[in-house]
Amino acid sequence: MIYRFGNKEYDLASRTYVMGILNITPDSFSDGGKYFDSKPDIAKITATAVRMEKDGADFIDIGGESTRPGAETVSIDAELERVIPVIAQITKKVTIPVSIDTYKHQVAEEALKAGAAIVNDISGFQFDEKIAGITGKYNASCVLMHIKGEPKNMQDNPVYSDVIEEISDYLGKSISIAKSEGISQIMLDPGIGFGKTFEHNIEIIKNLGKFRRFGYPVLLGLSRKRFINQIYESSPSERLEGTITANTAGILNGANIIRVHDVLENKRAALTADKLKF
């Protein structure tokens with residue numbers, strides 16, 4: 001699984017890679033408002049990005065629209081105003097690849113022009129029919145995620161007959177869309193918390209290896225998510241231990257990449273988990 005991002009070359013099968021999260025939003029479930037208050041706090045964001053790289057991040061993921069359960073969409077212009085100045089600045093300060101977390105082709109295109117190397121789409125290229133073409137046009141990589149429904153309604157009683165198989169079918173369609181646009185560097189995310197109950201999330205983590213059937217790296221994004229609160233009562237800021245434990249289980253079960261808020265702590269956990277793999 002040799003993937004190239006500019007002058008970076010990663011063997012995504014060799015160890016667990018870490019993606020740091022930077023949400024440039026007022027309303028994300030965990031860090032909403034931390035980096036944005038009417039406009040992006042560029043200095044704070046840049047300092048955080050530099051620290052994430054120092055702490056061991058292999059990627060940085062930039063998002064300008066909250067996709068927490070119940071979230072409403074934001075306009076394309078608002079999303080662009082949040083993320084483009086950030087990407088333009090931090091790509092000058094870090095050497096690791098930057099991804100844009102969006103499902104809108106207009107945002108993806110401007111982000112790729114500004115220096116992003118990856119499009120991370122929560123819909124797996126299935127909300128916007130043009131975003132795969134834009135990703136291919138710029139020879140970018142992608143993260144294809146599964147979602148059931150939309151952020152505003154995805155947690156309204158999600159039901160599956162077989163959660164692993166239904167996610168696999170969805171991701172298979174997303175892969176076909178990506179390949180049709182000439183995209184070869186694909187990563188897959190089963191979408192913890194995106195149209196899943198607590199039981200679905202646990203089943204996904206236990207069965208991550210089954211998503212390796214496609215031959216692409218598997219990304220696990222569970223950092224600080226609500227299902228941890230169903231294990232022990234906690235606010236998002238109190239879920240570090242649960243995040244580390246669940247990520248460790250995910251790594252042992254087949255995750256190649258973990259997407260996290262707390263880079264240093266999860267990087268250390270990943271280094272340890274890698275030594276425990278059979």
# chains A, B, ... in the order shown; residues from 1 in each chain; ligands from 1
$ residues_around --residues "stretch 219-222 of chain A" --least-positions-apart "2" --cutoff "9 Å" --atoms "only C-alpha atoms" --output "PyMOL selection string"
chain A and resi 143+145+187-193+205+208+217+224-228+243+246-247+250-251+255-260
$ atom_distance --atom1 "atom CA of A:Ala269" --atom2 "atom CA of A:Thr248"
6.8 Å
$ residues_around --residues "A:Ile147" --least-positions-apart "4" --cutoff "8 Å" --atoms "only C-alpha atoms" --output "MDAnalysis selection string"
chainID A and resid 122:123 154 190:191 194:195
$ residues_around --residues "stretch 68-73 of chain A" --least-positions-apart "2" --cutoff "9 Å" --atoms "only C-alpha atoms" --output "NGL selection string"
:A and (27-29 or 65-66 or 75 or 150-155 or 193-195)
$ write_last_selection --atoms "N, CA and C atoms" --output "mmCIF file, in the first residue's frame"
data_model
loop_
_atom_site.group_PDB
_atom_site.id
_atom_site.type_symbol
_atom_site.label_atom_id
_atom_site.label_comp_id
_atom_site.auth_asym_id
_atom_site.auth_seq_id
_atom_site.Cartn_x
_atom_site.Cartn_y
_atom_site.Cartn_z
ATOM 1 N N ASP A 27 -19.486 25.036 15.590
ATOM 2 C CA ASP A 27 -20.480 24.124 16.148
ATOM 3 C C ASP A 27 -20.145 22.642 16.021
ATOM 4 N N SER A 28 -18.895 22.287 15.767
ATOM 5 C CA SER A 28 -18.551 20.869 15.772
ATOM 6 C C SER A 28 -18.752 20.305 17.176
ATOM 7 N N PHE A 29 -19.036 18.996 17.276
ATOM 8 C CA PHE A 29 -19.462 18.435 18.553
ATOM 9 C C PHE A 29 -18.388 18.523 19.631
ATOM 10 N N GLU A 65 -17.419 22.538 7.934
ATOM 11 C CA GLU A 65 -18.855 22.359 8.190
ATOM 12 C C GLU A 65 -19.035 21.217 9.173
ATOM 13 N N SER A 66 -19.738 21.469 10.244
ATOM 14 C CA SER A 66 -19.993 20.409 11.214
ATOM 15 C C SER A 66 -20.894 19.346 10.601
ATOM 16 N N SER A 75 -23.510 27.295 3.810
ATOM 17 C CA SER A 75 -23.379 27.668 2.406
ATOM 18 C C SER A 75 -21.969 27.380 1.900
ATOM 19 N N GLU A 150 -28.396 11.644 6.112
ATOM 20 C CA GLU A 150 -27.636 12.891 6.098
ATOM 21 C C GLU A 150 -27.384 13.294 7.542
ATOM 22 N N PRO A 151 -26.387 14.181 7.796
ATOM 23 C CA PRO A 151 -26.104 14.544 9.184
ATOM 24 C C PRO A 151 -27.319 14.964 9.991
ATOM 25 N N LYS A 152 -28.255 15.689 9.370
ATOM 26 C CA LYS A 152 -29.407 16.188 10.129
ATOM 27 C C LYS A 152 -30.367 15.082 10.556
ATOM 28 N N ASN A 153 -30.330 13.928 9.866
ATOM 29 C CA ASN A 153 -31.287 12.869 10.213
ATOM 30 C C ASN A 153 -30.663 11.487 10.392
ATOM 31 N N MET A 154 -29.341 11.396 10.293
ATOM 32 C CA MET A 154 -28.693 10.077 10.230
ATOM 33 C C MET A 154 -28.861 9.245 11.497
ATOM 34 N N GLN A 155 -29.103 9.897 12.631
ATOM 35 C CA GLN A 155 -29.251 9.143 13.877
ATOM 36 C C GLN A 155 -30.710 8.912 14.249
ATOM 37 N N GLY A 193 -20.579 6.346 13.838
ATOM 38 C CA GLY A 193 -21.475 7.406 14.285
ATOM 39 C C GLY A 193 -22.272 8.085 13.200
ATOM 40 N N PHE A 194 -22.072 7.699 11.958
ATOM 41 C CA PHE A 194 -22.792 8.336 10.851
ATOM 42 C C PHE A 194 -23.927 7.423 10.392
ATOM 43 N N GLY A 195 -25.017 7.473 11.124
ATOM 44 C CA GLY A 195 -26.141 6.598 10.836
ATOM 45 C C GLY A 195 -25.943 5.219 11.423
#
$ select_by_dssp --residues "stretch 165-225 of chain A" --states "helix (DSSP H, G or I)" --output "VMD selection string"
chain A and resid 165 to 180 198 to 206 208 to 214
$ atom_distance --atom1 "atom CA of A:Tyr138" --atom2 "atom CA of A:Lys8"
16.9 Å
$ residues_around --residues "stretch 158-174 of chain A" --least-positions-apart "6" --cutoff "8 Å" --atoms "only C-alpha atoms" --output "list of chain:residue names"
A:Gly124, A:Phe125, A:Gln126, A:Leu144, A:Met145, A:His146, A:Lys148, A:Leu188, A:Pro190, A:Gly195, A:Lys196, A:Thr197, A:His200, A:Glu203, A:Ile204, A:Asn207, A:Lys210, A:Phe211, A:Phe214
$ write_last_selection --atoms "C-alpha atoms" --output "compact mmCIF listing (two decimals), in the first residue's frame"
# COMPACT_ATOMS: atom_id res chain seq x y z
CA GLY A 124 -18.12 8.62 -0.35
CA PHE A 125 -18.72 10.74 -3.48
CA GLN A 126 -22.47 10.03 -3.33
CA LEU A 144 -14.51 7.47 0.99
CA MET A 145 -16.78 7.26 4.01
CA HIS A 146 -20.08 5.47 4.57
CA LYS A 148 -26.72 6.33 6.20
CA LEU A 188 -12.02 3.71 3.18
CA PRO A 190 -16.86 2.82 7.57
CA GLY A 195 -26.14 6.60 10.84
CA LYS A 196 -25.23 3.90 13.36
CA THR A 197 -26.45 2.83 16.77
CA HIS A 200 -23.50 -0.95 15.05
CA GLU A 203 -19.70 -4.34 15.51
CA ILE A 204 -17.83 -2.20 12.96
CA ASN A 207 -14.93 -6.31 12.15
CA LYS A 210 -13.55 -7.23 6.65
CA PHE A 211 -13.29 -3.86 4.89
CA PHE A 214 -11.24 -4.13 -1.24
$ atom_distance --atom1 "atom CA of A:Asn139" --atom2 "atom CA of A:Gln185"
9.2 Å
$ select_by_dssp --residues "stretch 47-213 of chain A" --states "strand (DSSP E)" --output "list of chain:residue names"
A:Phe59, A:Ile60, A:Asp61, A:Ile62, A:Gly63, A:Val98, A:Ser99, A:Ile100, A:Asp101, A:Ile118, A:Val119, A:Asn120, A:Asp121, A:Ser141, A:Cys142, A:Val143, A:Leu144, A:Met145, A:Ile186, A:Met187, A:Leu188, A:Asp189
$ closest_residue --among "A:Ile183, A:Leu271, A:Ile21, A:Val218" --to "A:Met1" --atoms "only C-alpha atoms"
A:Val218
$ closest_residue --among "A:Ile96, A:Ile90, A:Leu80, A:Ile244" --to "A:Ala108" --atoms "only C-alpha atoms"
A:Leu80
